[in-house]
>>> print(open('query-v3.tsv').read())   # TSV, C-alpha atoms
chain	number	residue	atom	x	y	z
A	1084	MET	CA	26.58	30.41	-5.88
A	1085	LYS	CA	23.56	28.61	-7.34
A	1086	GLU	CA	23.84	26.01	-4.62
A	1087	GLN	CA	23.92	28.66	-1.93
A	1088	LEU	CA	20.86	30.25	-3.50
A	1089	GLU	CA	19.09	26.86	-3.52
A	1090	GLN	CA	19.80	26.40	0.17
A	1091	LEU	CA	18.46	29.85	0.96
A	1092	ILE	CA	15.36	29.19	-1.17
A	1093	GLU	CA	14.71	25.94	0.69
A	1094	LYS	CA	15.14	27.61	4.04
A	1095	SER	CA	12.94	30.61	3.13
A	1096	ARG	CA	10.03	28.27	2.39
A	1097	LYS	CA	9.87	27.17	6.00
A	1098	GLU	CA	11.06	30.15	7.94
A	1099	ASN	CA	12.16	33.76	7.63
A	1100	LEU	CA	15.79	34.30	6.72
A	1101	SER	CA	18.04	35.72	9.36
A	1102	GLN	CA	19.83	39.06	8.94
A	1103	GLU	CA	23.08	37.32	8.02
A	1104	GLU	CA	21.31	35.22	5.43
A	1105	ARG	CA	19.71	38.29	3.87
A	1106	ILE	CA	23.10	39.96	3.67
A	1107	LEU	CA	24.50	36.83	2.02
A	1108	LEU	CA	21.63	36.92	-0.42
A	1109	GLU	CA	22.32	40.50	-1.38
A	1110	ARG	CA	25.98	39.67	-1.82
A	1111	LEU	CA	25.05	36.83	-4.19
A	1112	PHE	CA	22.83	39.19	-6.19
A	1113	ASP	CA	25.65	41.73	-6.45
A	1114	GLN	CA	27.98	39.07	-7.81
A	1115	ASP	CA	25.42	37.74	-10.27
A	1116	PRO	CA	22.38	39.98	-10.99
A	1117	ALA	CA	20.63	37.13	-12.85
A	1118	LEU	CA	20.29	35.34	-9.49
A	1119	ARG	CA	17.99	38.12	-8.27
A	1120	LYS	CA	15.62	37.30	-11.09
A	1121	ASP	CA	15.75	33.57	-10.16
A	1122	TRP	CA	15.07	34.43	-6.54
A	1123	GLU	CA	12.10	36.61	-7.36
A	1124	GLU	CA	10.62	33.97	-9.66
A	1125	GLU	CA	11.02	31.36	-6.95
A	1126	CYS	CA	9.25	33.61	-4.45
A	1127	ARG	CA	6.38	34.23	-6.82
A	1128	LEU	CA	6.04	30.54	-7.64
A	1129	THR	CA	5.97	29.68	-3.94
A	1130	ALA	CA	3.35	32.36	-3.38
A	1131	LEU	CA	1.26	30.96	-6.25
A	1132	PHE	CA	1.36	27.50	-4.76
A	1133	SER	CA	0.18	28.87	-1.44
A	1134	LEU	CA	-2.84	30.34	-3.23
A	1135	LEU	CA	-3.97	27.00	-4.65
A	1136	PRO	CA	-7.37	26.26	-3.12
A	1137	ASP	CA	-8.00	23.06	-1.21
A	1138	VAL	CA	-9.70	20.26	-3.04
A	1139	PRO	CA	-13.34	20.06	-1.89
A	1140	LEU	CA	-14.12	17.12	0.38
A	1141	SER	CA	-17.42	15.62	1.49
A	1142	SER	CA	-18.49	16.64	4.95
A	1143	ASP	CA	-18.74	12.94	5.91
A	1144	PHE	CA	-15.29	12.02	4.58
A	1145	THR	CA	-14.09	10.73	7.95
A	1146	GLU	CA	-17.28	8.74	8.54
A	1147	GLN	CA	-16.90	7.08	5.16
A	1148	VAL	CA	-13.31	6.15	5.92
A	1149	LEU	CA	-14.30	4.66	9.28
A	1150	LYS	CA	-17.13	2.74	7.69
A	1151	GLN	CA	-14.87	1.27	5.00
A	1152	THR	CA	-12.18	0.42	7.51
A	1153	PHE	CA	-14.20	-1.17	10.28
A	1154	ASP	CA	-16.97	-2.75	8.22
A	1155	VAL	CA	-14.35	-4.60	6.22
A	1156	GLU	CA	-12.57	-5.60	9.40
A	1157	ALA	CA	-15.63	-7.09	11.17
A	1158	PRO	CA	-16.51	-10.06	8.90
A	1159	GLN	CA	-12.84	-10.99	8.64
A	1160	LYS	CA	-12.61	-11.00	12.39
A	1161	SER	CA	-15.47	-13.51	12.73
A	1162	ARG	CA	-13.83	-15.82	10.22
A	1163	LEU	CA	-10.59	-15.46	12.09
A	1164	GLU	CA	-12.32	-16.15	15.35
A	1165	THR	CA	-13.88	-19.31	13.93
A	1166	ALA	CA	-10.55	-20.49	12.60
A	1167	PHE	CA	-8.98	-19.72	15.95
A	1168	VAL	CA	-11.56	-21.84	17.77
A	1169	TYR	CA	-10.74	-24.83	15.57
A	1170	TRP	CA	-7.04	-24.26	15.79
A	1171	SER	CA	-7.13	-23.93	19.57
A	1172	LEU	CA	-8.38	-27.52	19.73
A	1173	PHE	CA	-5.08	-28.57	18.25
A	1174	SER	CA	-2.83	-26.08	19.93
A	1175	GLN	CA	0.10	-26.96	22.17
A	1176	LYS	CA	-2.11	-26.93	25.25
A	1177	ASN	CA	-4.49	-29.60	23.93
A	1178	ARG	CA	-1.96	-31.81	22.22
A	1179	TRP	CA	-3.23	-34.92	24.09
A	1180	LEU	CA	-6.61	-34.34	22.46
A	1181	LYS	CA	-4.97	-34.44	19.04
A	1182	TYR	CA	-3.14	-37.66	19.80
A	1183	ALA	CA	-6.25	-39.30	21.28
A	1184	ALA	CA	-8.30	-38.36	18.23
A	1185	ALA	CA	-5.64	-39.77	15.90
A	1186	ALA	CA	-5.44	-42.99	17.89
A	1187	CYS	CA	-9.21	-43.43	17.81
A	1188	LEU	CA	-9.25	-42.87	14.10
A	1189	VAL	CA	-6.51	-45.44	13.48
A	1190	PHE	CA	-8.29	-47.96	15.72
A	1191	LEU	CA	-11.61	-47.49	13.97
A	1192	LEU	CA	-10.05	-47.83	10.54
A	1193	SER	CA	-8.15	-50.97	11.56
A	1194	PHE	CA	-11.20	-52.57	13.11
A	1195	GLY	CA	-13.30	-51.78	10.10
A	1196	PHE	CA	-10.74	-53.26	7.75
A	1197	TYR	CA	-10.39	-56.42	9.85
A	1198	HIS	CA	-14.13	-56.86	10.02
A	1199	HIS	CA	-14.47	-56.44	6.28
A	1200	GLN	CA	-11.71	-58.93	5.63
A	1201	SER	CA	-13.32	-61.43	8.00
A	1202	GLN	CA	-16.63	-61.21	6.18
A	1203	VAL	CA	-14.96	-61.67	2.82
A	1204	ARG	CA	-12.97	-64.67	4.11
A	1205	ILE	CA	-16.05	-66.35	5.49
A	1206	HIS	CA	-17.79	-65.93	2.18
A	1207	GLN	CA	-14.83	-67.35	0.30
A	1208	MET	CA	-14.61	-70.35	2.61
A	1209	ALA	CA	-18.28	-71.06	2.17
A	1210	GLU	CA	-17.87	-71.00	-1.59
A	1211	SER	CA	-14.88	-73.31	-1.40
A	1212	LEU	CA	-16.74	-75.82	0.74
A	1213	SER	CA	-19.68	-75.92	-1.61
A	1214	THR	CA	-17.36	-76.44	-4.59
A	1215	VAL	CA	-15.54	-79.23	-2.81
A	1216	ALA	CA	-18.81	-80.83	-1.86
A	1217	GLU	CA	-20.05	-80.75	-5.42
A	1218	THR	CA	-16.81	-82.11	-6.79
A	1219	ALA	CA	-16.64	-84.89	-4.24
A	1220	THR	CA	-20.12	-85.99	-5.21
A	1221	GLU	CA	-19.16	-86.12	-8.86
A	1222	VAL	CA	-15.89	-87.89	-8.20
A	1223	ALA	CA	-17.70	-90.63	-6.33
A	1224	VAL	CA	-19.61	-91.66	-9.46
A	1225	VAL	CA	-16.80	-91.31	-11.96
A	1226	SER	CA	-16.12	-94.57	-13.87
A	1227	GLU	CA	-12.79	-96.15	-14.63
A	1228	VAL	CA	-12.92	-95.07	-18.26
A	1229	ASP	CA	-13.55	-91.45	-17.27
A	1230	LEU	CA	-10.62	-91.53	-14.88
A	1231	ASN	CA	-8.37	-92.82	-17.64
A	1232	ALA	CA	-9.64	-90.11	-19.99
A	1233	ILE	CA	-8.85	-87.47	-17.35
A	1234	HIS	CA	-5.36	-88.90	-17.04
A	1235	VAL	CA	-4.90	-88.82	-20.82
A	1236	LEU	CA	-6.19	-85.27	-21.02
A	1237	GLY	CA	-3.72	-84.22	-18.35
A	1238	LYS	CA	-0.87	-85.75	-20.33
A	1239	MET	CA	-2.06	-84.07	-23.47
A	1240	THR	CA	-1.71	-80.61	-21.94
A	1241	GLU	CA	1.93	-81.47	-21.36
A	1242	ALA	CA	2.47	-82.64	-24.92
A	1243	THR	CA	4.84	-80.80	-27.20
A	1244	SER	CA	4.35	-80.15	-30.88
A	1245	VAL	CA	6.30	-83.33	-31.64
A	1246	ASP	CA	3.54	-85.34	-30.11
A	1247	ASN	CA	0.93	-83.72	-32.27
A	1248	ASP	CA	0.77	-86.72	-34.62
A	1249	LEU	CA	0.30	-88.97	-31.63
A	1250	TRP	CA	-2.45	-86.65	-30.40
A	1251	VAL	CA	-4.23	-86.84	-33.76
A	1252	ALA	CA	-3.96	-90.64	-33.76
A	1253	MET	CA	-5.36	-90.91	-30.27
A	1254	VAL	CA	-8.30	-88.59	-31.02
A	1255	SER	CA	-9.19	-90.59	-34.15
A	1256	TYR	CA	-9.04	-93.72	-32.01
B	569	MET	CA	0.41	6.40	15.51
B	570	LEU	CA	1.58	4.26	18.41
B	571	ARG	CA	-1.95	4.24	19.72
B	572	LEU	CA	-3.24	3.33	16.29
B	573	LYS	CA	-0.85	0.38	16.15
B	574	SER	CA	-2.45	-0.92	19.34
B	575	GLY	CA	-5.91	-0.61	17.74
B	576	ASP	CA	-7.05	2.73	19.13
B	577	ARG	CA	-9.87	3.84	16.82
B	578	GLN	CA	-10.00	7.35	18.25
B	579	ALA	CA	-6.38	7.83	17.32
B	580	PHE	CA	-7.21	6.75	13.80
B	581	THR	CA	-10.12	9.21	13.60
B	582	PHE	CA	-7.81	11.98	14.77
B	583	LEU	CA	-5.25	11.17	12.06
B	584	VAL	CA	-7.91	11.11	9.36
B	585	ASN	CA	-9.31	14.49	10.39
B	586	ARG	CA	-5.88	16.03	10.61
B	587	TYR	CA	-4.45	14.84	7.30
B	588	LYS	CA	-7.44	14.28	5.02
B	589	GLN	CA	-7.17	17.65	3.28
B	590	SER	CA	-3.46	17.32	2.78
B	591	VAL	CA	-3.78	13.86	1.32
B	592	ALA	CA	-6.73	14.80	-0.89
B	593	ASN	CA	-4.83	17.81	-2.28
B	594	LEU	CA	-1.79	15.69	-3.10
B	595	VAL	CA	-3.83	12.94	-4.72
B	596	ALA	CA	-6.01	15.32	-6.77
B	597	ARG	CA	-3.05	17.32	-8.05
B	598	THR	CA	-0.99	14.23	-8.82
B	599	VAL	CA	-3.81	12.51	-10.66
B	600	GLY	CA	-4.77	15.75	-12.39
B	601	ASP	CA	-8.38	16.22	-11.40
B	602	ASN	CA	-10.89	15.74	-8.61
B	603	GLN	CA	-12.59	12.77	-10.18
B	604	ASP	CA	-12.15	9.78	-7.86
B	605	SER	CA	-9.52	11.67	-5.84
B	606	GLU	CA	-11.74	11.64	-2.76
B	607	ASP	CA	-12.22	7.87	-3.07
B	608	ILE	CA	-8.48	7.41	-3.47
B	609	ALA	CA	-7.81	9.67	-0.48
B	610	GLN	CA	-10.20	7.54	1.59
B	611	GLN	CA	-8.40	4.41	0.46
B	612	VAL	CA	-5.12	5.94	1.64
B	613	PHE	CA	-6.43	6.01	5.20
B	614	VAL	CA	-7.93	2.54	4.93
B	615	GLN	CA	-4.46	1.32	3.93
B	616	VAL	CA	-2.92	3.26	6.81
B	617	TYR	CA	-5.12	1.38	9.26
B	618	LYS	CA	-4.69	-1.98	7.54
B	619	HIS	CA	-0.91	-1.76	7.50
B	620	ALA	CA	-0.39	0.13	10.74
B	621	ASP	CA	1.78	-2.75	11.98
B	622	ARG	CA	4.29	-2.00	9.21
B	623	TYR	CA	4.84	1.59	10.31
B	624	GLU	CA	8.24	2.15	11.86
B	625	VAL	CA	8.11	4.61	14.71
B	626	ARG	CA	11.54	6.07	13.97
B	627	SER	CA	10.35	7.50	10.61
B	628	LYS	CA	8.01	10.47	10.21
B	629	PHE	CA	4.34	9.64	9.87
B	630	THR	CA	3.82	12.13	7.02
B	631	THR	CA	6.58	10.44	5.01
B	632	TRP	CA	4.83	7.10	5.38
B	633	LEU	CA	1.39	8.60	4.75
B	634	PHE	CA	2.46	10.39	1.58
B	635	THR	CA	4.22	7.24	0.34
B	636	ILE	CA	0.91	5.39	0.47
B	637	ALA	CA	-0.84	8.35	-1.18
B	638	LYS	CA	1.81	8.43	-3.90
B	639	ASN	CA	1.44	4.72	-4.63
B	640	LEU	CA	-2.34	4.89	-4.91
B	641	ALA	CA	-2.22	8.05	-7.03
B	642	LEU	CA	0.29	6.49	-9.43
B	643	ASN	CA	-1.84	3.33	-9.60
B	644	GLU	CA	-4.78	5.50	-10.62
B	645	ILE	CA	-2.74	7.22	-13.32
B	646	ARG	CA	-1.64	3.86	-14.71
B	647	ARG	CA	-5.21	2.55	-14.56
B	648	ARG	CA	-6.41	5.57	-16.55
B	649	LYS	CA	-3.69	5.04	-19.13
B	650	ARG	CA	-4.88	1.46	-19.60
B	651	HIS	CA	-8.53	2.60	-19.83
B	652	PRO	CA	-8.40	6.05	-21.45
B	653	ALA	CA	-12.19	6.24	-21.87
B	654	ASP	CA	-12.52	6.78	-18.11
B	655	SER	CA	-10.55	10.03	-18.29
B	656	LEU	CA	-13.26	11.65	-20.45
B	657	ASP	CA	-15.31	11.97	-17.27
B	658	SER	CA	-12.61	14.02	-15.54
B	659	VAL	CA	-13.63	17.37	-14.16
B	660	ASP	CA	-12.78	20.40	-16.23
B	661	SER	CA	-10.37	22.81	-14.57
B	662	GLN	CA	-12.88	25.67	-14.78
B	663	GLU	CA	-15.57	23.56	-13.12
B	664	GLU	CA	-13.07	22.56	-10.47
B	665	PHE	CA	-12.59	26.19	-9.53
B	666	SER	CA	-16.30	26.93	-9.36
B	667	GLN	CA	-17.00	24.15	-6.82
B	668	PRO	CA	-17.94	25.57	-3.44
B	669	ARG	CA	-15.31	25.28	-0.74
B	670	GLN	CA	-16.45	23.29	2.25
B	671	HIS	CA	-13.63	24.39	4.51
B	672	PRO	CA	-12.75	28.00	3.79
B	673	ASP	CA	-9.15	28.69	4.50
B	674	MET	CA	-7.77	32.21	4.90
B	675	ARG	CA	-4.82	31.11	2.87
B	676	THR	CA	-6.97	30.37	-0.13
B	677	VAL	CA	-9.40	33.28	-0.02
B	678	MET	CA	-8.79	35.50	-2.99
B	679	PRO	CA	-9.68	39.19	-3.21
B	680	ASP	CA	-12.79	39.86	-5.30
B	681	ASP	CA	-10.84	41.70	-7.94
B	682	SER	CA	-8.08	39.07	-8.29
B	683	LEU	CA	-9.09	37.78	-11.67
B	684	LEU	CA	-5.44	37.76	-12.53
B	685	ASN	CA	-4.77	35.51	-9.54
B	686	LYS	CA	-7.52	33.19	-10.67
B	687	GLU	CA	-6.09	33.06	-14.17
B	688	MET	CA	-2.60	32.41	-12.80
B	689	LEU	CA	-3.85	29.59	-10.65
B	690	LEU	CA	-5.61	28.01	-13.61
B	691	GLN	CA	-2.41	28.23	-15.58
B	692	LEU	CA	-0.45	26.83	-12.65
B	693	ARG	CA	-2.76	23.81	-12.38
B	694	ALA	CA	-2.55	23.23	-16.13
B	695	ALA	CA	1.24	23.49	-16.01
B	696	ILE	CA	1.44	21.03	-13.10
B	697	ARG	CA	-0.73	18.61	-15.02
B	698	LEU	CA	1.66	18.72	-17.97
B	699	LEU	CA	4.63	17.65	-15.87
B	700	PRO	CA	5.78	14.02	-15.96
B	701	GLU	CA	4.40	12.04	-12.99
B	702	LYS	CA	7.58	11.87	-10.93
B	703	GLN	CA	8.42	15.53	-11.42
B	704	ARG	CA	4.85	16.46	-10.53
B	705	LEU	CA	4.95	14.40	-7.35
B	706	ALA	CA	8.37	15.66	-6.32
B	707	LEU	CA	7.35	19.26	-6.89
B	708	LEU	CA	4.06	18.93	-5.02
B	709	LEU	CA	5.78	17.32	-2.05
B	710	PHE	CA	8.45	20.02	-2.07
B	711	GLN	CA	6.36	23.09	-2.80
B	712	GLU	CA	3.02	22.28	-1.27
B	713	LYS	CA	3.74	19.89	1.56
B	714	GLY	CA	6.98	21.55	2.58
B	715	LEU	CA	8.85	18.26	2.86
B	716	SER	CA	12.62	18.36	2.94
B	717	TYR	CA	14.69	16.78	0.18
B	718	GLU	CA	15.52	13.83	2.45
B	719	GLU	CA	11.87	13.20	3.23
B	720	ILE	CA	10.95	13.40	-0.44
B	721	THR	CA	13.63	10.84	-1.34
B	722	LYS	CA	12.00	8.42	1.12
B	723	VAL	CA	8.55	8.99	-0.33
B	724	LEU	CA	9.70	8.63	-3.94
B	725	GLY	CA	12.18	5.87	-3.23
B	726	ALA	CA	14.78	7.78	-5.24
B	727	SER	CA	18.27	9.07	-4.50
B	728	LEU	CA	18.89	12.56	-3.14
B	729	SER	CA	20.52	13.75	-6.36
B	730	SER	CA	17.71	12.48	-8.60
B	731	THR	CA	15.12	14.01	-6.25
B	732	LYS	CA	16.82	17.41	-6.46
B	733	SER	CA	17.06	17.01	-10.22
B	734	LEU	CA	13.34	16.19	-10.49
B	735	ILE	CA	12.37	19.23	-8.44
B	736	PHE	CA	14.74	21.52	-10.30
B	737	ARG	CA	13.45	20.43	-13.72
B	738	ALA	CA	9.83	20.69	-12.59
B	739	ARG	CA	10.36	24.24	-11.33
B	740	GLU	CA	12.17	25.27	-14.48
B	741	THR	CA	9.30	23.89	-16.59
B	742	LEU	CA	6.72	25.71	-14.51
B	743	LYS	CA	8.66	28.96	-14.69
B	744	LYS	CA	8.81	28.60	-18.44
B	745	HIS	CA	5.04	28.06	-18.70
B	746	LEU	CA	4.21	30.83	-16.27
B	747	LYS	CA	6.88	33.26	-17.43
B	748	GLU	CA	4.49	36.13	-18.17
B	749	TYR	CA	2.74	35.78	-14.82
B	750	LEU	CA	5.91	35.42	-12.78
B	751	SER	CA	7.65	38.34	-14.37
B	752	SER	CA	4.66	40.74	-14.18
>>> encode(input="query-v3.tsv", output="structure tokens")
Amino acid sequence: MKEQLEQLIEKSRKENLSQEERILLERLFDQDPALRKDWEEECRLTALFSLLPDVPLSSDFTEQVLKQTFDVEAPQKSRLETAFVYWSLFSQKNRWLKYAAAACLVFLLSFGFYHHQSQVRIHQMAESLSTVAETATEVAVVSEVDLNAIHVLGKMTEATSVDNDLWVAMVSY
Amino acid sequence: MLRLKSGDRQAFTFLVNRYKQSVANLVARTVGDNQDSEDIAQQVFVQVYKHADRYEVRSKFTTWLFTIAKNLALNEIRRRKRHPADSLDSVDSQEEFSQPRQHPDMRTVMPDDSLLNKEMLLQLRAAIRLLPEKQRLALLLFQEKGLSYEEITKVLGASLSSTKSLIFRARETLKKHLKEYLSS
């Protein structure tokens, strides 16, 4: 019965009840008089709600909404447009441009590296030549004794700890 | 709404003008006062425009609109709970009633001698404010906006049975608070 009353309450909020529905309502009230009280309270509550005044709004409410909506949209659009311009350079249509740019970049980097390496190599070779020239000059005037000493020194670097006594004897000599 | 989805600004203006009062009423009564409710109501429409692409044509526009309004109103309630000092600035219910109406509506015009009506409405607003958030929302959507149970379930994101339960409990609470006015 309560459920039937609920359905009738819901319907009565939107439209007038039909004759049959009113008869059904009266029948429900006859079966349970407390339902009449529920019904009347519901009606009064609905009526109260309908009396609630509207919340006051500014007269330029709509203009403010439009301003907030479209002013926010505009700067974003220009950023999007800028991004789109850059992206369109690399889109499917201009793929060749992307590949050409990459190839140029690789070529430039390779050439730069090769050039740098060449310069470094030339410098190193020049240093080597000057060292060799200096050494050759010195070697030309080295005496027999010095050559022997160099030979001995070379052997000494190969000496083990067992030859340490021999090393000491040779130095004292 | 279809025109809005394709970027028609006139369609958007039409929607704002048509539903602004409805949205503002829902937001103000959910939040509990008029403070900031106009700003929130404006934000509802900004969100409508921003997310117009998400609107599904097969569902009712009012259901979608009130869902956005509900979310923003609940966000405001939670924000006020986190910063309770802000709520001290809220408009007093008496002051709310004395504000001049900008759009007189025959439905809301009260007879000069209806002090009792005025008192009842004050009590009604106070009683609505005392309801838990979900019950308050469900009741406002049911009683004020005339949405069906099915539409309210979509707005609240709840089941049909819990929606009916929310509305039933809210009405019972209101009837209890307004007993002397409803029975007179």
>>> closest_residue(input="query-v3.tsv", among="A:Thr1214, A:Gln1102, A:Gln1090, A:Ser1193", to="chain B", atoms="only C-alpha atoms")
A:Gln1090
>>> closest_atom_pairs(input="query-v3.tsv", of="chain A", to="chain B", cutoff="9 Å", atoms="all atoms listed in the file", output="tab-separated table")
residue	atom	partner	partner_atom	distance
A:Glu1093	CA	B:Ser716	CA	8.2
A:Arg1096	CA	B:Gly714	CA	7.4
A:Lys1097	CA	B:Gly714	CA	7.2
A:Lys1120	CA	B:Ser751	CA	8.7
A:Glu1123	CA	B:Leu750	CA	8.3
A:Glu1124	CA	B:Leu750	CA	5.8
A:Glu1125	CA	B:Arg739	CA	8.4
A:Arg1127	CA	B:Leu750	CA	6.1
A:Leu1128	CA	B:Leu750	CA	7.1
A:Thr1129	CA	B:Gln711	CA	6.7
A:Leu1131	CA	B:Leu689	CA	6.9
A:Phe1132	CA	B:Glu712	CA	6.5
A:Ser1133	CA	B:Arg675	CA	7.0
A:Leu1134	CA	B:Thr676	CA	5.2
A:Leu1135	CA	B:Thr676	CA	6.4
A:Pro1136	CA	B:Thr676	CA	5.1
A:Asp1137	CA	B:Asn593	CA	6.2
A:Val1138	CA	B:Asn593	CA	5.5
A:Pro1139	CA	B:Arg669	CA	5.7
A:Leu1140	CA	B:Glu606	CA	6.7
A:Ser1141	CA	B:Gln670	CA	7.8
A:Ser1142	CA	B:Gln670	CA	7.5
A:Phe1144	CA	B:Gln610	CA	7.4
A:Thr1145	CA	B:Val584	CA	6.4
A:Glu1146	CA	B:Thr581	CA	8.8
A:Gln1147	CA	B:Gln610	CA	7.6
A:Val1148	CA	B:Gln610	CA	5.5
A:Leu1149	CA	B:Thr581	CA	7.5
A:Gln1151	CA	B:Val614	CA	7.1
A:Thr1152	CA	B:Val614	CA	5.4
A:Glu1156	CA	B:Lys618	CA	8.9
>>> atom_distance(input="query-v3.tsv", atom1="atom CA of Ala738 of chain B", atom2="atom CA of Leu709 of chain B")
11.8 Å
>>> residues_near_point(input="query-v3.tsv", point="(22.9, 37.5, 1.2)", cutoff="12 Å", atoms="only C-alpha atoms", output="list in words")
Met1084, Gln1087, Leu1088, Gln1090, Leu1091, Ile1092, Leu1100, Ser1101, Gln1102, Glu1103, Glu1104, Arg1105, Ile1106, Leu1107, Leu1108, Glu1109, Arg1110, Leu1111, Phe1112, Asp1113, Gln1114, Asp1115, Leu1118, Arg1119 and Trp1122 of chain A
